[in-house]
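Colleague: Attaching a single structure in structure tokens format; questions to follow.
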Amino acid sequence: MTKIIELINLKKEYKTPKENLEVLKGINYSFEQGKLYAIKGHSGSGKTTLVRILGLMDDLTSGEYLLYNKTTKSLSDKESSYYRMKHIGFIFQEYNLNPYLKAYENVIVPMLINKKIKPQNRLSKAENLLSDVGLFERKDHFPKELSGGEQQRVAIARALANNPDIIIADEPTGNLDKKNEKIIFKILKQMAESGKCVIVVSHSDEISSYADVNLLLEDGLLSEVKK
Amino acid sequence: MIWDILKTSLQNINRNSKNKILILIFVLLFFVLFIDIIIIKNFYEYYDYSINKNIGFRTLYVYNPTISREDAIKEIKKIKHVSEVYGSSYGSTAVSSNLNDNGLNGWIGLQYGTINTTPPSISGKNIDELKSGELICPYEFYPDSNNSSPLDIDESKFLSEKDILNREIVISYSRTYTEVIDNKLTEKKQDYTQKMKIVGLYDETIFRNGINVCYATPEDIKNIQDSYNPFLENTEYASLNVVVDEETNLKEVRQNIQNLGSYLVEKETIAHIDKTFTSILFSLTIIFAIIIITSILLILKNYLNKKIKDESSYLGILRACGYTKNNVIIQEIIENTLIMLLSYIISATLFTIIFTILENKIFKYFKYIGFTINNNIILIFIIFIIVLIISELLNYSLVKKKINNSITDLLKEE
């Protein structure tokens, strides 16, 4: 399996008025394509911090984060935006869909800045992605007309809009019931099987059964947990 | 990409009822603003054209019984800011003409015309080329001043350039006087006629003259007036009209004439009343315009503040999807521009339609009493562009401030 992400002694500190809070204390780990990684840890352990660093949404304090063997240090806004557009798809607990856009239009939003996707191909691509998450019939619906689970599936389709290699999901089922949770995890699993590197942060125990690798973030360090 | 953002923004505006309400509010505010701007413009033009250009508003009436007219003219002409001095009786006169072939009674006013008192011609000869026996008349000519209301004017009877330029007319006037015949006072009448040619046309609407006022040479006016009253030349001592170069110099000139001694100068000209009235209204309309523009910007600021706050997490999503800060700023600016532009287009169209209706029904007749109300689409557009630029700067600063937060912070705000 190809190594996509490599973390070398990655540290993250937050400066507070009283002290420097070290959340990540030197993580060494590599993420490969075609695998679903489940990251667990108690609240405040730094899971969200870690995935946001992985998603180039936050800076690391020290160490190295290599994406396709290239350093991500000192990237400009334009460069990091380009990496996110090309390589990374995000799924959050909140779906954050544009309420005034239909399901397929929400999926198209990330494609608008991708010059490689021709305007005439956007609609069919969005329809295919919605079809993949089982929402083709609901493509013309506005978010308020969709259930929570359906909205999250639209958000997943949106995350896949630019065909990223890495999918980062931060508590994607936090607002969903068990039934919808299973549907979402299944879709994430299918993504990994299709060759993507899927990293999921979740409190749910259910994820362990879908994950190829279970990880535990504890005391600022990341370690694999055997099933 | 801009086209795509434009399309998405249009969808956002169309589907968001808040945006529609905002557009409706802006349409109303812009509409009121445009009315106000047109009032300001017309007041300004009235002031500029009527008071500064039409000499009637900056002419002082001066009288001195102790000095001859010629001496007084020489003396006053030396005063700074005095551009013309002539005998009061020779300022204007009225004659009938044979321009009545389309049913008008043919009375026209003749005005003392020199380079300092006459507007430039828009067709034909200018005043400096005017010879005795020639006239410069209004471009839209209606040789009758006896209408009780401008709304009674029959526009189909207007004479235009092709009807009057280079046309010879016969003006006629008569003198009525009394003679003692056989120890009885007997009223007698003497008729005069004179051929004249219309050689130039001026824009009467800009100059705020009546629509039947032509300019003639001072000699012609004098001859006509002297014919009316043969004793005028001898009896009119130093009763003079003093034309001042600018209305603002009236006070100084009046003082300087009084300093010469023995001169009686009228206390106020019509310009003073007009100036005060116009200045007050002008100031009020400007204040009103500022209030409206401020209202538009305050409403917009509140709206944008709320919108940006509400959309914070969505902006975070856009950033997470790969939108650069500039992409997001452009998107917000395009959306705001569209809202402003739509409001402008609707209100400007509405305004123009209503103005055109009023213009055809009422306003166009106002010019016949010396007050023209003109629309100015370019001025309205310029005002809109100024408001748009200020609003976009405001929008830019608000979005920039928000988008400079980290994506994590944007996503945290729900």
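Labeling convention for the structure tokens: chains A, B, ... as they appear, residues from 1 per chain, ligands from 1 in order of appearance.
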Can you list every residue in region 55-97 of chain B that DSSP puts in strand (DSSP E), as a ChimeraX atom specification?

Modeller: /B:59-64,82-87,92-97

Colleague: If you count only C-alpha atoms, which residues fall within 8 Å of Asn374 (chain B), apart from same-chain ones fewer than 2 positions away, as a VMD selection string?

Modeller: chain B and resid 38 42 372 376

Colleague: DSSP on the backbone: which residues in chain A end up as alpha helix (DSSP H)? Give the answer as a PyMOL selection string.

Modeller: chain A and resi 47-54+77-87+103-108+119-132+148-159+178-193+206-210

Colleague: Taking only C-alpha atoms into account, which of B:Ile2, B:Leu33, B:Glu359, B:Lys7 comes nearest Ile286 (chain B)?

Modeller: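 Looking at the shortest contact to Ile286 (chain B), the residue is B:Leu33.
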
Colleague: I need the chain B residues near chain A as a CSV table (one decimal) with all heavy atoms, in the first residue's frame; criterion: at most 9 Å, counting only C-alpha atoms.

Modeller:
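As written to disk, out.csv reads:
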```csv
chain,number,residue,atom,x,y,z
B,1,MET,N,-14.7,30.9,-13.4
B,1,MET,CA,-15.0,30.7,-12.0
B,1,MET,C,-16.0,31.8,-11.5
B,1,MET,O,-16.9,31.6,-10.8
B,1,MET,CB,-13.8,30.7,-11.1
B,1,MET,CG,-14.1,30.3,-9.7
B,1,MET,SD,-12.8,30.9,-8.6
B,1,MET,CE,-13.6,30.9,-7.0
B,4,ASP,N,-19.4,31.1,-12.4
B,4,ASP,CA,-20.0,30.1,-11.6
B,4,ASP,C,-20.5,30.7,-10.2
B,4,ASP,O,-21.5,30.4,-9.7
B,4,ASP,CB,-19.0,29.0,-11.3
B,4,ASP,CG,-18.7,28.2,-12.6
B,4,ASP,OD1,-19.6,27.9,-13.3
B,4,ASP,OD2,-17.5,27.9,-12.8
B,5,ILE,N,-19.6,31.6,-9.7
B,5,ILE,CA,-19.9,32.2,-8.4
B,5,ILE,C,-21.1,33.1,-8.6
B,5,ILE,O,-22.0,33.2,-7.8
B,5,ILE,CB,-18.7,33.0,-7.9
B,5,ILE,CG1,-17.6,32.0,-7.4
B,5,ILE,CG2,-19.1,33.9,-6.7
B,5,ILE,CD1,-16.3,32.7,-7.0
B,8,THR,N,-24.2,30.9,-8.7
B,8,THR,CA,-24.5,30.5,-7.3
B,8,THR,C,-25.1,31.6,-6.5
B,8,THR,O,-26.1,31.4,-5.7
B,8,THR,CB,-23.3,29.9,-6.6
B,8,THR,OG1,-22.6,29.0,-7.5
B,8,THR,CG2,-23.6,29.2,-5.4
B,11,GLN,N,-28.6,32.3,-7.4
B,11,GLN,CA,-29.5,31.3,-6.8
B,11,GLN,C,-29.7,31.6,-5.3
B,11,GLN,O,-30.8,31.5,-4.8
B,11,GLN,CB,-28.9,29.9,-6.9
B,11,GLN,CG,-29.0,29.3,-8.3
B,11,GLN,CD,-28.2,28.1,-8.5
B,11,GLN,OE1,-27.2,27.8,-7.7
B,11,GLN,NE2,-28.5,27.3,-9.5
B,12,ASN,N,-28.6,32.0,-4.6
B,12,ASN,CA,-28.7,32.3,-3.2
B,12,ASN,C,-29.7,33.5,-3.0
B,12,ASN,O,-30.6,33.4,-2.1
B,12,ASN,CB,-27.4,32.8,-2.7
B,12,ASN,CG,-26.6,31.6,-2.0
B,12,ASN,OD1,-27.2,30.5,-1.8
B,12,ASN,ND2,-25.3,31.8,-1.8
B,13,ILE,N,-29.6,34.5,-3.8
B,13,ILE,CA,-30.5,35.7,-3.7
B,13,ILE,C,-31.9,35.3,-4.0
B,13,ILE,O,-32.8,35.7,-3.2
B,13,ILE,CB,-30.0,36.8,-4.6
B,13,ILE,CG1,-28.6,37.3,-4.2
B,13,ILE,CG2,-31.0,37.9,-4.7
B,13,ILE,CD1,-27.9,38.2,-5.2
B,14,ASN,N,-32.1,34.5,-5.0
B,14,ASN,CA,-33.4,34.2,-5.5
B,14,ASN,C,-34.1,33.3,-4.4
B,14,ASN,O,-35.3,33.4,-4.2
B,14,ASN,CB,-33.3,33.5,-6.8
B,14,ASN,CG,-34.7,33.1,-7.4
B,14,ASN,OD1,-35.6,33.9,-7.2
B,14,ASN,ND2,-34.8,32.0,-8.0
B,15,ARG,N,-33.4,32.4,-3.8
B,15,ARG,CA,-34.0,31.5,-2.9
B,15,ARG,C,-34.0,31.9,-1.4
B,15,ARG,O,-34.7,31.3,-0.6
B,15,ARG,CB,-33.3,30.1,-3.0
B,15,ARG,CG,-33.5,29.5,-4.3
B,15,ARG,CD,-32.5,28.3,-4.5
B,15,ARG,NE,-32.6,27.8,-5.8
B,15,ARG,CZ,-31.8,26.9,-6.3
B,15,ARG,NH1,-30.8,26.4,-5.5
B,15,ARG,NH2,-31.9,26.4,-7.5
B,16,ASN,N,-33.3,33.0,-1.1
B,16,ASN,CA,-33.3,33.5,0.3
B,16,ASN,C,-34.3,34.7,0.4
B,16,ASN,O,-34.0,35.8,-0.1
B,16,ASN,CB,-31.9,33.9,0.6
B,16,ASN,CG,-31.7,34.3,2.1
B,16,ASN,OD1,-32.7,34.5,2.8
B,16,ASN,ND2,-30.5,34.4,2.5
B,311,GLU,N,-23.2,32.6,8.4
B,311,GLU,CA,-22.6,31.8,7.4
B,311,GLU,C,-21.2,31.3,7.8
B,311,GLU,O,-20.5,30.7,7.0
B,311,GLU,CB,-22.5,32.5,6.0
B,311,GLU,CG,-23.8,32.7,5.3
B,311,GLU,CD,-23.7,33.4,4.0
B,311,GLU,OE1,-22.5,33.8,3.7
B,311,GLU,OE2,-24.7,33.5,3.3
B,313,SER,N,-19.8,29.1,9.6
B,313,SER,CA,-19.4,27.7,9.5
B,313,SER,C,-19.4,27.2,8.0
B,313,SER,O,-18.5,26.4,7.6
B,313,SER,CB,-20.2,26.7,10.3
B,313,SER,OG,-21.6,27.0,10.0
B,314,TYR,N,-20.3,27.8,7.2
B,314,TYR,CA,-20.3,27.5,5.8
B,314,TYR,C,-19.1,28.0,5.1
B,314,TYR,O,-18.5,27.4,4.2
B,314,TYR,CB,-21.6,28.0,5.2
B,314,TYR,CG,-21.7,27.7,3.7
B,314,TYR,CD1,-21.8,26.4,3.3
B,314,TYR,CD2,-21.6,28.7,2.7
B,314,TYR,CE1,-21.9,26.0,1.9
B,314,TYR,CE2,-21.7,28.4,1.4
B,314,TYR,CZ,-21.8,27.1,1.0
B,314,TYR,OH,-21.9,26.7,-0.4
B,316,GLY,N,-16.3,28.3,6.6
B,316,GLY,CA,-15.3,27.3,7.0
B,316,GLY,C,-15.3,26.1,6.1
B,316,GLY,O,-14.2,25.6,5.7
B,317,ILE,N,-16.4,25.7,5.7
B,317,ILE,CA,-16.6,24.5,4.8
B,317,ILE,C,-15.9,24.8,3.5
B,317,ILE,O,-15.2,24.1,2.9
B,317,ILE,CB,-18.0,24.1,4.7
B,317,ILE,CG1,-18.5,23.4,5.9
B,317,ILE,CG2,-18.2,23.2,3.4
B,317,ILE,CD1,-17.9,22.0,6.1
B,318,LEU,N,-16.3,26.0,3.0
B,318,LEU,CA,-15.7,26.4,1.7
B,318,LEU,C,-14.2,26.4,1.8
B,318,LEU,O,-13.5,26.0,0.8
B,318,LEU,CB,-16.2,27.8,1.3
B,318,LEU,CG,-17.7,28.0,0.9
B,318,LEU,CD1,-18.0,29.4,0.6
B,318,LEU,CD2,-18.0,27.1,-0.2
B,319,ARG,N,-13.6,27.0,2.9
B,319,ARG,CA,-12.2,27.0,3.0
B,319,ARG,C,-11.7,25.6,3.1
B,319,ARG,O,-10.6,25.2,2.5
B,319,ARG,CB,-11.8,27.7,4.3
B,319,ARG,CG,-12.2,29.2,4.3
B,319,ARG,CD,-11.1,30.1,3.6
B,319,ARG,NE,-9.9,30.2,4.3
B,319,ARG,CZ,-8.7,29.9,3.9
B,319,ARG,NH1,-8.6,29.4,2.7
B,319,ARG,NH2,-7.6,30.1,4.6
B,320,ALA,N,-12.4,24.7,3.8
B,320,ALA,CA,-11.9,23.3,3.9
B,320,ALA,C,-12.0,22.6,2.6
B,320,ALA,O,-11.2,21.7,2.3
B,320,ALA,CB,-12.8,22.6,4.9
B,321,CYS,N,-12.9,23.0,1.7
B,321,CYS,CA,-13.0,22.4,0.4
B,321,CYS,C,-11.9,22.9,-0.6
B,321,CYS,O,-11.8,22.4,-1.7
B,321,CYS,CB,-14.4,22.8,-0.2
B,321,CYS,SG,-15.7,21.9,0.5
B,322,GLY,N,-11.2,23.9,-0.1
B,322,GLY,CA,-10.1,24.4,-1.0
B,322,GLY,C,-10.3,25.8,-1.5
B,322,GLY,O,-9.4,26.3,-2.2
B,323,TYR,N,-11.3,26.5,-1.1
B,323,TYR,CA,-11.5,27.9,-1.5
B,323,TYR,C,-10.4,28.7,-0.7
B,323,TYR,O,-10.2,28.5,0.5
B,323,TYR,CB,-12.9,28.4,-1.1
B,323,TYR,CG,-14.0,28.1,-2.0
B,323,TYR,CD1,-14.4,26.7,-2.2
B,323,TYR,CD2,-14.7,29.0,-2.7
B,323,TYR,CE1,-15.4,26.4,-3.1
B,323,TYR,CE2,-15.7,28.7,-3.6
B,323,TYR,CZ,-16.1,27.4,-3.7
B,323,TYR,OH,-17.1,27.0,-4.6
B,324,THR,N,-9.7,29.6,-1.5
B,324,THR,CA,-8.8,30.4,-0.8
B,324,THR,C,-9.5,31.6,-0.2
B,324,THR,O,-10.7,31.8,-0.4
B,324,THR,CB,-7.8,31.0,-1.9
B,324,THR,OG1,-8.5,31.8,-2.8
B,324,THR,CG2,-7.0,30.0,-2.6
B,325,LYS,N,-8.8,32.3,0.6
B,325,LYS,CA,-9.4,33.5,1.3
B,325,LYS,C,-10.0,34.4,0.2
B,325,LYS,O,-11.1,34.9,0.4
B,325,LYS,CB,-8.4,34.3,2.1
B,325,LYS,CG,-8.1,33.5,3.4
B,325,LYS,CD,-7.0,34.3,4.2
B,325,LYS,CE,-6.6,33.5,5.4
B,325,LYS,NZ,-5.5,34.1,6.2
B,326,ASN,N,-9.2,34.6,-0.8
B,326,ASN,CA,-9.7,35.5,-1.9
B,326,ASN,C,-11.0,35.0,-2.6
B,326,ASN,O,-11.8,35.8,-2.9
B,326,ASN,CB,-8.6,35.8,-2.9
B,326,ASN,CG,-7.6,36.7,-2.4
B,326,ASN,OD1,-7.8,37.4,-1.4
B,326,ASN,ND2,-6.4,36.7,-3.0
B,327,ASN,N,-11.0,33.7,-2.8
B,327,ASN,CA,-12.2,33.1,-3.4
B,327,ASN,C,-13.4,33.4,-2.6
B,327,ASN,O,-14.5,33.8,-3.2
B,327,ASN,CB,-12.1,31.5,-3.5
B,327,ASN,CG,-11.1,31.0,-4.5
B,327,ASN,OD1,-10.5,30.0,-4.3
B,327,ASN,ND2,-10.8,31.8,-5.5
B,406,SER,N,-8.9,31.3,11.6
B,406,SER,CA,-8.6,30.0,11.1
B,406,SER,C,-9.8,29.2,10.7
B,406,SER,O,-10.9,29.5,11.2
B,406,SER,CB,-7.8,29.2,12.1
B,406,SER,OG,-8.7,28.8,13.2
B,407,ILE,N,-9.6,28.2,9.8
B,407,ILE,CA,-10.8,27.4,9.4
B,407,ILE,C,-11.4,26.7,10.6
B,407,ILE,O,-12.7,26.7,10.7
B,407,ILE,CB,-10.3,26.3,8.4
B,407,ILE,CG1,-9.7,27.0,7.2
B,407,ILE,CG2,-11.5,25.4,8.0
B,407,ILE,CD1,-9.1,26.1,6.2
B,408,THR,N,-10.6,26.3,11.5
B,408,THR,CA,-11.1,25.7,12.8
B,408,THR,C,-12.1,26.6,13.5
B,408,THR,O,-13.1,26.2,13.9
B,408,THR,CB,-9.9,25.3,13.7
B,408,THR,OG1,-9.0,24.6,12.9
B,408,THR,CG2,-10.4,24.4,14.8
B,411,LEU,N,-15.3,27.1,11.7
B,411,LEU,CA,-16.2,25.9,11.8
B,411,LEU,C,-16.8,25.8,13.2
B,411,LEU,O,-17.9,25.3,13.4
B,411,LEU,CB,-15.4,24.6,11.5
B,411,LEU,CG,-15.1,24.4,10.0
B,411,LEU,CD1,-14.0,23.3,9.8
B,411,LEU,CD2,-16.3,24.1,9.2
```

Colleague: I'd like the interatomic distance between CA of Val154 (chain A) and CA of Ser312 (chain B), to a tenth of an Å.

Modeller: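 So the two atoms, CA of Val154 (chain A) and CA of Ser312 (chain B), lie 19.4 Å apart.
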
Colleague: By how many Å are CA of Ser9 (chain B) and CA of Ile308 (chain B) apart?

Modeller: 14.4 Å
